[in-house]
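Shown here: run.txt, compact mmCIF, C-alpha atoms.
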```
# COMPACT_ATOMS: atom_id res chain seq x y z
CA MET A 473 -98.17 -111.01 -164.84
CA ILE A 474 -94.66 -109.75 -164.16
CA THR A 475 -92.93 -107.36 -166.56
CA PHE A 476 -89.29 -107.53 -167.64
CA LEU A 477 -86.60 -105.03 -168.62
CA ILE A 478 -83.56 -106.58 -170.32
CA VAL A 479 -80.41 -104.46 -170.58
CA GLU A 480 -78.02 -106.35 -172.83
CA ASP A 481 -75.75 -105.27 -175.71
CA CYS A 482 -74.92 -108.73 -177.15
CA HIS A 483 -77.52 -109.80 -179.73
CA ASN A 484 -76.94 -113.55 -179.29
CA LYS A 485 -77.14 -113.34 -175.51
CA LEU A 486 -80.29 -111.20 -175.72
CA SER A 487 -81.92 -113.73 -178.04
CA ALA A 488 -81.06 -116.58 -175.67
CA ILE A 489 -82.58 -114.73 -172.69
CA LYS A 490 -85.78 -113.86 -174.58
CA GLN A 491 -86.09 -117.42 -175.86
CA LYS A 492 -85.83 -118.72 -172.29
CA LEU A 493 -88.47 -116.23 -171.07
CA ASN A 494 -90.79 -117.19 -173.92
CA GLY A 495 -90.36 -120.82 -172.87
CA LEU A 496 -91.54 -119.80 -169.39
CA GLY A 497 -94.71 -118.36 -170.88
CA VAL A 498 -93.63 -114.70 -170.91
CA SER A 499 -95.13 -112.93 -173.93
CA GLU A 500 -93.25 -110.32 -175.95
CA PHE A 501 -95.45 -107.41 -174.84
CA ARG A 502 -94.28 -107.94 -171.23
CA ILE A 503 -90.61 -107.47 -172.22
CA LYS A 504 -88.76 -104.21 -172.87
CA GLU A 505 -85.16 -104.25 -174.03
CA THR A 506 -82.28 -101.83 -174.47
CA ASN A 507 -78.52 -102.02 -174.87
CA ASN A 508 -77.42 -98.99 -172.85
CA LYS A 509 -77.54 -97.48 -169.36
CA ASN A 510 -79.20 -94.14 -170.21
CA ASP A 511 -82.18 -95.68 -172.01
CA ALA A 512 -82.57 -98.21 -169.20
CA LEU A 513 -82.76 -95.40 -166.62
CA ASN A 514 -85.36 -93.61 -168.74
CA PHE A 515 -87.43 -96.79 -168.84
CA LEU A 516 -87.15 -97.12 -165.06
CA LYS A 517 -88.22 -93.50 -164.61
CA GLU A 518 -91.32 -93.82 -166.81
CA SER A 519 -92.50 -97.38 -166.06
CA ILE A 520 -92.53 -100.07 -163.41
CA PHE A 521 -90.77 -103.37 -164.12
CA ASP A 522 -90.96 -106.33 -161.80
CA PHE A 523 -87.83 -108.05 -163.10
CA LEU A 524 -84.59 -106.45 -164.35
CA ILE A 525 -82.10 -108.62 -166.28
CA LEU A 526 -78.84 -106.67 -166.51
CA ASP A 527 -75.44 -107.16 -168.10
CA ILE A 528 -72.52 -105.38 -166.39
CA ASN A 529 -70.53 -104.31 -169.44
CA ILE A 530 -72.99 -102.37 -171.61
CA TYR A 531 -73.11 -99.15 -173.61
CA ALA A 532 -73.40 -95.98 -171.56
CA SER A 533 -75.68 -94.23 -174.06
CA ALA A 534 -77.71 -94.87 -177.20
CA ASP A 535 -74.95 -93.74 -179.57
CA CYS A 536 -73.31 -97.14 -178.87
CA VAL A 537 -69.77 -95.89 -179.53
CA SER A 538 -68.06 -98.38 -177.24
CA ILE A 539 -68.85 -100.78 -174.44
CA THR A 540 -68.36 -99.15 -171.02
CA LYS A 541 -66.87 -101.30 -168.31
CA ASN A 542 -69.18 -101.54 -165.28
CA ALA A 543 -71.88 -99.30 -166.82
CA GLY A 544 -74.36 -101.84 -165.47
CA VAL A 545 -73.02 -101.28 -161.96
CA ASP A 546 -73.35 -97.52 -162.48
CA LEU A 547 -77.01 -98.11 -163.37
CA LEU A 548 -77.55 -100.04 -160.13
CA ILE A 549 -75.93 -97.28 -158.09
CA ALA A 550 -78.10 -94.66 -159.83
CA ILE A 551 -81.38 -96.38 -158.99
CA GLU A 552 -80.25 -97.10 -155.44
CA ASP A 553 -79.20 -93.46 -154.89
CA SER A 554 -82.53 -92.22 -156.27
CA ILE A 555 -84.23 -93.41 -153.08
CA PHE A 556 -82.72 -90.41 -151.29
CA SER A 557 -82.79 -87.98 -154.23
CA PRO A 558 -85.56 -85.33 -154.32
CA ARG A 559 -85.22 -84.90 -158.09
CA LYS A 560 -84.34 -88.20 -159.77
CA LYS A 561 -86.69 -91.04 -158.94
CA TYR A 562 -86.46 -94.50 -160.52
CA ASN A 563 -88.87 -97.37 -160.03
CA ILE A 564 -86.71 -100.12 -158.53
CA PRO A 565 -87.65 -103.62 -159.77
CA ASN A 566 -88.52 -106.27 -157.21
CA THR A 567 -85.95 -108.66 -158.70
CA ILE A 568 -82.60 -107.60 -160.20
CA PHE A 569 -80.82 -110.44 -162.01
CA VAL A 570 -77.27 -109.61 -163.15
CA MET A 571 -75.68 -111.80 -165.82
CA SER A 572 -72.08 -111.58 -166.97
CA GLU A 573 -69.78 -113.75 -169.03
CA TYR A 574 -66.80 -112.59 -166.96
CA PRO A 575 -66.33 -114.12 -163.47
CA ASP A 576 -64.19 -111.18 -162.34
CA ALA A 577 -67.04 -108.74 -163.09
CA ILE A 578 -69.19 -110.61 -160.59
CA THR A 579 -66.62 -111.16 -157.84
CA ASN A 580 -65.22 -107.59 -158.02
CA ASN A 581 -68.64 -106.00 -157.55
CA GLY A 582 -69.91 -108.10 -154.68
CA GLU A 583 -70.30 -105.10 -152.36
CA SER A 584 -72.43 -103.19 -154.89
CA PHE A 585 -74.56 -106.25 -155.53
CA ASN A 586 -75.21 -106.75 -151.83
CA LYS A 587 -76.18 -103.10 -151.42
CA CYS A 588 -78.65 -103.28 -154.31
CA LYS A 589 -79.94 -106.77 -153.39
CA VAL A 590 -78.81 -108.19 -156.72
CA ILE A 591 -78.85 -111.86 -157.75
CA PRO A 592 -75.59 -112.42 -159.68
CA CYS A 593 -75.26 -115.17 -162.26
CA GLN A 594 -72.47 -116.14 -164.64
CA TYR A 595 -73.59 -116.50 -168.25
CA SER A 596 -72.11 -119.08 -170.61
CA SER A 597 -73.33 -120.05 -174.05
CA ASP A 598 -71.91 -123.54 -173.41
CA SER A 599 -73.84 -124.17 -170.18
CA GLU A 600 -77.50 -124.14 -169.17
CA ASP A 601 -76.79 -123.32 -165.52
CA TRP A 602 -77.84 -119.69 -166.03
CA MET A 603 -81.15 -120.89 -167.51
CA LEU A 604 -81.92 -122.95 -164.41
CA GLU A 605 -81.09 -119.96 -162.18
CA LEU A 606 -83.23 -117.60 -164.27
CA ASP A 607 -86.08 -120.14 -164.31
CA ARG A 608 -85.99 -120.33 -160.51
CA GLU A 609 -85.99 -116.55 -159.97
CA VAL A 610 -88.79 -115.90 -162.49
CA LYS A 611 -91.04 -118.49 -160.84
CA LEU A 612 -90.24 -117.08 -157.40
CA ALA A 613 -91.08 -113.54 -158.61
CA GLU A 614 -94.40 -114.77 -160.01
CA LEU A 615 -95.29 -116.43 -156.70
CA LYS A 616 -94.46 -113.24 -154.77
CA GLN A 617 -96.58 -111.10 -157.08
CA GLN A 618 -99.50 -113.50 -156.94
CA SER A 619 -99.52 -113.40 -153.14
CA VAL A 620 -99.60 -109.58 -153.25
CA ILE A 621 -102.44 -109.53 -155.80
CA ASP A 622 -104.47 -112.06 -153.77
CA ARG A 623 -104.04 -109.95 -150.67
CA LYS A 624 -104.96 -106.65 -152.34
CA SER A 625 -107.63 -107.69 -154.84
CA ASN A 626 -110.48 -106.38 -152.65
CA ASP A 627 -108.70 -103.22 -151.56
CA ILE A 628 -109.16 -99.71 -152.89
CA VAL A 629 -106.63 -97.02 -153.72
CA VAL A 630 -108.05 -93.48 -153.66
CA TYR A 631 -106.49 -90.59 -155.57
CA SER A 632 -107.66 -87.07 -154.74
CA VAL A 633 -106.72 -84.13 -156.99
CA HIS A 634 -107.13 -80.49 -155.94
CA GLY A 635 -107.69 -77.34 -158.00
CA ILE A 636 -105.47 -74.37 -158.83
CA GLN A 637 -104.48 -71.63 -156.38
CA THR A 638 -104.89 -74.01 -153.46
CA PHE A 639 -102.95 -76.57 -151.43
CA GLY A 640 -105.92 -78.95 -151.25
CA GLY A 641 -106.74 -78.68 -147.56
CA TRP A 642 -109.86 -80.77 -148.11
CA GLN A 643 -107.67 -83.74 -149.04
CA GLY A 644 -106.49 -84.01 -145.44
CA LYS A 645 -110.10 -83.98 -144.21
CA LEU A 646 -111.00 -86.68 -146.73
CA ASP A 647 -108.05 -88.77 -145.55
CA ARG A 648 -109.30 -88.64 -141.96
CA GLU A 649 -112.82 -89.59 -143.03
CA LEU A 650 -111.55 -92.56 -145.03
CA LYS A 651 -109.47 -93.84 -142.12
CA SER A 652 -112.30 -93.43 -139.61
CA HIS A 653 -114.83 -95.36 -141.72
CA THR A 654 -115.93 -98.61 -140.10
CA GLU A 655 -114.50 -101.69 -141.86
CA THR A 656 -112.52 -99.51 -144.23
CA LYS A 657 -111.45 -101.16 -147.48
CA VAL A 658 -109.12 -98.35 -148.49
CA LEU A 659 -105.60 -99.68 -148.88
CA GLU A 660 -104.14 -96.23 -149.49
CA HIS A 661 -105.25 -92.64 -150.04
CA ILE A 662 -102.89 -90.64 -152.25
CA PRO A 663 -103.48 -86.87 -152.10
CA TYR A 664 -102.08 -85.98 -155.52
CA LYS A 665 -100.28 -82.62 -155.43
CA TYR A 666 -98.87 -80.47 -158.20
CA HIS A 667 -96.82 -77.29 -158.07
CA HIS A 668 -98.28 -73.79 -157.97
CA PHE A 669 -100.44 -73.46 -161.08
CA PRO A 670 -101.06 -69.77 -161.91
CA ILE A 671 -104.26 -68.64 -163.61
CA ILE A 672 -102.37 -67.70 -166.79
CA HIS A 673 -101.37 -71.40 -167.14
CA PHE A 674 -104.96 -72.45 -166.52
CA LEU A 675 -106.00 -70.45 -169.60
CA ARG A 676 -103.48 -72.25 -171.84
CA THR A 677 -104.33 -75.71 -173.16
CA GLY A 678 -100.67 -76.83 -173.39
CA LYS A 679 -99.94 -76.07 -169.74
CA ARG A 680 -103.07 -77.92 -168.66
CA LEU A 681 -102.07 -80.98 -170.67
CA ASN A 682 -98.66 -81.06 -168.99
CA GLU A 683 -100.39 -81.73 -165.67
CA VAL A 684 -102.65 -84.31 -167.34
CA ASN A 685 -99.62 -86.22 -168.66
CA LYS A 686 -97.99 -86.30 -165.23
CA PHE A 687 -101.09 -87.67 -163.53
CA SER A 688 -101.80 -90.25 -166.24
CA LYS A 689 -98.28 -91.66 -165.75
CA GLU A 690 -98.93 -91.87 -162.00
CA ILE A 691 -102.10 -93.94 -162.24
CA LYS A 692 -100.68 -96.06 -165.09
CA LEU A 693 -97.76 -97.03 -162.86
CA LEU A 694 -100.20 -98.07 -160.15
CA ALA A 695 -102.25 -100.11 -162.62
CA ASN A 696 -99.12 -101.87 -163.91
CA ARG A 697 -97.96 -102.69 -160.40
CA SER A 698 -101.32 -103.93 -159.04
CA PRO A 699 -103.66 -104.64 -161.96
CA ASP A 700 -106.51 -105.92 -159.77
CA THR A 701 -106.51 -103.06 -157.28
CA ARG A 702 -109.67 -100.96 -157.50
CA ILE A 703 -109.10 -97.24 -158.01
CA CYS A 704 -111.38 -94.40 -156.91
CA LEU A 705 -110.75 -90.85 -158.09
CA VAL A 706 -111.88 -87.67 -156.34
CA GLY A 707 -111.36 -84.25 -157.94
CA HIS A 708 -112.28 -80.64 -157.30
CA SER A 709 -112.22 -77.80 -159.86
CA PHE A 710 -109.15 -78.19 -162.16
CA GLY A 711 -108.61 -81.61 -160.58
CA THR A 712 -111.73 -82.84 -162.41
CA TYR A 713 -110.13 -81.88 -165.73
CA ILE A 714 -106.90 -83.69 -164.82
CA ILE A 715 -108.82 -86.86 -163.91
CA ALA A 716 -111.07 -86.93 -166.99
CA GLU A 717 -108.38 -86.11 -169.54
CA SER A 718 -105.92 -88.55 -167.95
CA LEU A 719 -108.42 -91.41 -168.23
CA LYS A 720 -109.11 -90.42 -171.84
CA SER A 721 -105.39 -90.38 -172.74
CA LEU A 722 -104.49 -93.76 -171.21
CA ASP A 723 -103.78 -96.50 -173.74
CA VAL A 724 -104.43 -99.24 -171.16
CA ARG A 725 -107.47 -100.15 -169.08
CA ILE A 726 -107.35 -99.39 -165.38
CA ASN A 727 -109.81 -100.73 -162.85
CA VAL A 728 -111.78 -97.59 -161.90
CA GLU A 729 -114.46 -98.26 -159.33
CA SER A 730 -115.95 -94.76 -158.98
CA ILE A 731 -115.27 -91.09 -159.64
CA VAL A 732 -116.35 -88.09 -157.57
CA LEU A 733 -116.24 -84.66 -159.20
CA SER A 734 -117.03 -81.30 -157.59
CA GLY A 735 -116.90 -77.77 -158.97
CA SER A 736 -115.99 -79.29 -162.32
CA VAL A 737 -114.42 -77.04 -164.98
CA LEU A 738 -115.30 -79.53 -167.71
CA ARG A 739 -117.85 -78.71 -170.38
CA SER A 740 -121.43 -79.80 -169.72
CA ASP A 741 -121.43 -81.76 -173.00
CA TYR A 742 -118.24 -83.65 -172.10
CA ASP A 743 -118.47 -87.15 -173.59
CA TRP A 744 -117.78 -89.78 -170.92
CA SER A 745 -118.90 -92.71 -173.09
CA GLU A 746 -115.49 -93.96 -174.24
CA ILE A 747 -113.92 -93.45 -170.81
CA ILE A 748 -116.72 -95.34 -169.05
CA SER A 749 -116.50 -98.21 -171.55
CA ARG A 750 -112.69 -98.49 -171.55
CA HIS A 751 -112.24 -98.46 -167.78
CA ASN A 752 -115.54 -100.13 -166.84
CA ILE A 753 -116.49 -97.26 -164.52
CA LYS A 754 -119.51 -98.06 -162.36
CA THR A 755 -120.41 -94.63 -160.90
CA ILE A 756 -119.58 -90.99 -161.54
CA ILE A 757 -120.96 -88.48 -159.04
CA ASN A 758 -120.85 -84.84 -160.16
CA ASP A 759 -121.54 -82.32 -157.40
CA CYS A 760 -122.68 -78.90 -158.69
CA ALA A 761 -123.06 -75.50 -157.01
CA SER A 762 -125.61 -72.97 -158.20
CA ASN A 763 -123.54 -69.77 -157.85
CA ASP A 764 -120.03 -70.95 -158.68
CA LEU A 765 -118.43 -67.72 -159.96
CA ALA A 766 -115.08 -69.46 -160.59
CA LEU A 767 -116.77 -71.64 -163.20
CA VAL A 768 -118.44 -68.63 -164.80
CA ALA A 769 -114.98 -67.16 -165.38
CA SER A 770 -113.65 -70.53 -166.55
CA HIS A 771 -116.51 -70.88 -169.02
CA PHE A 772 -115.99 -67.46 -170.62
CA PHE A 773 -112.22 -67.12 -170.63
CA ALA A 774 -110.59 -70.59 -170.73
CA ARG A 775 -110.73 -72.30 -174.12
CA GLY A 776 -112.06 -75.85 -173.99
CA LEU A 777 -113.39 -75.57 -170.44
CA GLY A 778 -116.92 -75.10 -169.21
CA LYS A 779 -119.36 -75.14 -166.32
CA ALA A 780 -120.35 -78.75 -165.66
CA GLY A 781 -119.98 -77.87 -161.98
CA ILE A 782 -123.09 -75.68 -162.37
CA GLU A 783 -125.19 -77.36 -165.05
CA GLY A 784 -124.12 -81.02 -164.73
CA PHE A 785 -123.41 -83.72 -167.35
CA SER A 786 -125.76 -85.89 -169.36
CA PRO A 787 -126.51 -89.17 -167.52
CA HIS A 788 -124.66 -91.58 -169.87
CA GLY A 789 -126.93 -94.53 -169.16
CA GLY A 790 -127.29 -93.68 -165.49
CA ILE A 791 -123.55 -93.98 -164.76
CA VAL A 792 -123.21 -90.20 -164.31
CA GLN A 793 -125.34 -88.72 -161.52
CA ASN A 794 -125.51 -84.98 -160.89
CA ARG A 795 -126.19 -83.51 -157.46
CA TYR A 796 -127.18 -79.83 -157.20
CA PHE A 797 -126.44 -77.66 -154.16
CA ASN A 798 -126.87 -73.99 -153.32
CA GLY A 799 -123.47 -72.44 -152.75
CA GLY A 800 -120.17 -71.50 -154.35
CA HIS A 801 -116.97 -73.08 -155.60
CA SER A 802 -115.83 -74.36 -152.18
CA GLN A 803 -119.31 -75.58 -151.20
CA PHE A 804 -118.15 -79.20 -151.00
CA CYS A 805 -115.18 -78.94 -148.63
CA ASN A 806 -117.32 -79.66 -145.56
CA ASN A 807 -117.43 -82.70 -143.31
CA LYS A 808 -120.93 -83.76 -144.38
CA THR A 809 -120.09 -83.90 -148.09
CA LEU A 810 -116.70 -85.53 -147.51
CA LYS A 811 -118.38 -88.20 -145.40
CA GLU A 812 -120.82 -88.89 -148.25
CA TRP A 813 -117.95 -89.25 -150.69
CA CYS A 814 -116.30 -91.67 -148.26
CA CYS A 815 -119.48 -93.77 -148.15
CA LEU A 816 -119.61 -93.90 -151.97
CA ILE A 817 -115.99 -95.04 -152.13
CA HIS A 818 -116.88 -97.91 -149.79
CA GLY A 819 -119.74 -98.99 -152.05
CA GLU A 820 -122.60 -97.45 -150.10
CA GLU A 821 -125.53 -95.48 -151.53
CA ILE A 822 -125.55 -91.70 -151.23
CA ASN A 823 -128.45 -89.28 -151.56
CA ILE A 824 -129.02 -87.55 -154.89
CA VAL A 825 -129.65 -83.92 -153.93
CA ASP A 826 -131.32 -81.21 -156.03
CA GLU A 827 -131.65 -77.81 -154.33
CA ARG A 828 -132.20 -75.81 -157.54
CA LYS A 829 -135.87 -75.22 -156.78
CA ASP A 830 -134.79 -73.33 -153.66
CA ALA A 831 -132.37 -71.10 -155.55
CA GLY A 832 -132.64 -67.38 -154.82
CA LEU A 833 -132.53 -64.38 -157.15
CA TYR A 834 -128.73 -64.30 -157.15
CA ASP A 835 -128.48 -67.99 -158.12
CA SER A 836 -131.05 -67.47 -160.87
CA PHE A 837 -129.00 -64.57 -162.26
CA ILE A 838 -125.85 -66.72 -162.30
CA SER A 839 -127.77 -69.45 -164.12
CA TRP A 840 -129.00 -66.96 -166.75
CA PHE A 841 -125.56 -65.41 -167.07
CA THR A 842 -123.85 -68.75 -167.82
CA LYS A 843 -126.36 -69.51 -170.58
CA THR A 844 -125.62 -66.24 -172.35
CA SER A 845 -123.52 -66.48 -175.51
CA ARG A 846 -119.84 -65.65 -175.09
CA ARG A 847 -119.95 -63.02 -177.83
CA TRP A 848 -122.63 -61.06 -175.99
CA ILE A 849 -120.69 -61.17 -172.75
CA TYR A 850 -117.52 -60.04 -174.52
CA THR A 851 -119.51 -57.21 -176.15
CA ILE A 852 -120.87 -56.08 -172.79
CA PHE A 853 -117.40 -56.11 -171.21
CA PHE A 854 -115.99 -54.21 -174.17
CA LEU A 855 -118.71 -51.54 -173.98
CA ILE A 856 -118.18 -51.15 -170.22
CA PHE A 857 -114.42 -50.82 -170.73
CA MET A 858 -114.83 -48.23 -173.51
CA SER A 859 -117.32 -46.25 -171.41
CA ILE A 860 -114.88 -46.08 -168.50
CA LEU A 861 -112.05 -45.16 -170.83
CA CYS A 862 -114.08 -42.34 -172.46
CA PHE A 863 -115.13 -41.05 -169.03
CA PHE A 864 -111.51 -40.58 -167.94
CA ILE A 865 -110.44 -39.11 -171.29
CA ILE A 866 -113.29 -36.60 -171.36
```

Could you express the structure from this file as structure tokens?
Amino acid sequence: MITFLIVEDCHNKLSAIKQKLNGLGVSEFRIKETNNKNDALNFLKESIFDFLILDINIYASADCVSITKNAGVDLLIAIEDSIFSPRKKYNIPNTIFVMSEYPDAITNNGESFNKCKVIPCQYSSDSEDWMLELDREVKLAELKQQSVIDRKSNDIVVYSVHGIQTFGGWQGKLDRELKSHTETKVLEHIPYKYHHFPIIHFLRTGKRLNEVNKFSKEIKLLANRSPDTRICLVGHSFGTYIIAESLKSLDVRINVESIVLSGSVLRSDYDWSEIISRHNIKTIINDCASNDLALVASHFFARGLGKAGIEGFSPHGGIVQNRYFNGGHSQFCNNKTLKEWCCLIHGEEINIVDERKDAGLYDSFISWFTKTSRRWIYTIFFLIFMSILCFFII
């Protein structure tokens, strides 16, 4: 199903275009509309549209003070220039169909149209020629999309998300493992990166949600572009929070095949039920480490976070499977574990490991410590601090 963005300021012309699209079987929910350049660029920044229908003479902004000559051409130049811009990025539609009532507007902008690969068409309320042209281009766009979907329906896109205070070196290792797998089905591995995320931001819910919103937009764009592509998600530490909360916040279903979590900062009682049901998730593997001190700190000092990377999640009907290892927060960034994740992504079985019975005294202490109530831990820290303070004063 292709999606449409219509940028048109004339109400009668807009109605005629939408009526023609409806006659071609395009439902209203697949059409977005605006009458100005700025709103259109915002749409193209936030979402992916397969088909852009654009008038040349439109409003420049939403205040709609006056029609701006060639504002539509300015929009085309903006999205074309964004290819080389490090800051402004617009999602360029596969088909750009420019309609104008004025022949001069089409002939005078031929160079810009060629540069942006635009299909120009003269609109007239007295002729149906534009309808025939639009009909042809819509059907051609649908055929192109269908061929892409048929080719990619069995392929997998993998997103990996790292934790804070790291550049995600393990993502490169995972990429090599995925590419070296025999008969790989992975269409693309996307190592998702975010900017330096200091610990003080990690402790604040609002800052964490900013990263969640960015990632949810990323995977929603992918789902809109290729709705049948299977998605696998791999996260470590804070990356597990970004993945879980992004899936929870999405208002559309995406085709999630499997999720791999390691060193998870989520709470052990995190409810996966709605997420599993909405996105039809088949498998969630949660790798835990017995002496993960980073999660101990997360549990006691970061509101809303926990230590699922030590204790595990509830099974949720067998969808969620916990694996328990001896080790610390970076226990999983080794070739053996990455190879197992790669096998899971390709639909193979992996071993469910439980090394807790072999835990030493140190691991046992960490386990006891994490089960202690926060208020007792805070009391102990406070007493230690006051004792040190009194020692130096006296």

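Restricting the calculation to all atoms listed in the file, the smallest distance between Asp598 (chain A) and any of A:Arg702, A:Lys811, A:Lys485, A:Lys779 is found for A:Lys485.
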
Review point. Pick the closest to Ser786 (chain A) from A:Gly497, A:Asn798, A:Asn758, A:Gly635: which is it, counting only C-alpha atoms?
Key: A:Asn758

Point to revise | Distance of CA of Lys665 (chain A) from CA of Val684 (chain A), expressed in Å to one decimal place | key: 12.3 Å

**Study point:** Gap from CA of Ser533 (chain A) to CA of Ser519 (chain A) - Å, one decimal
**Key:**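 One can read the CA of Ser533 (chain A) to CA of Ser519 (chain A) distance as 18.9 Å.
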
How big is the axis-aligned box around all listed atoms of region 594-605 of chain A once 4 Å goes on each side, and where's its centre, in Å to one decimal, as lines of an AutoDock Vina configuration file?
```
center_x = -76.9
center_y = -120.2
center_z = -168.1
size_x = 18.0
size_y = 16.0
size_z = 19.9
```

Review point. Within 12 Å of Thr712 (chain A), counting only C-alpha atoms, which residues qualify if same-chain residues fewer than 4 places away don't, as a PyMOL selection string?
Key: chain A and resi 631-636+680+683-684+687+705-708+716-719+731-739+742+756-759+777-781

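Residue nearest Ile628 (chain A), chosen from A:Val537, A:Ile791, A:Leu693, A:Cys704 and counting only C-alpha atoms: A:Cys704.
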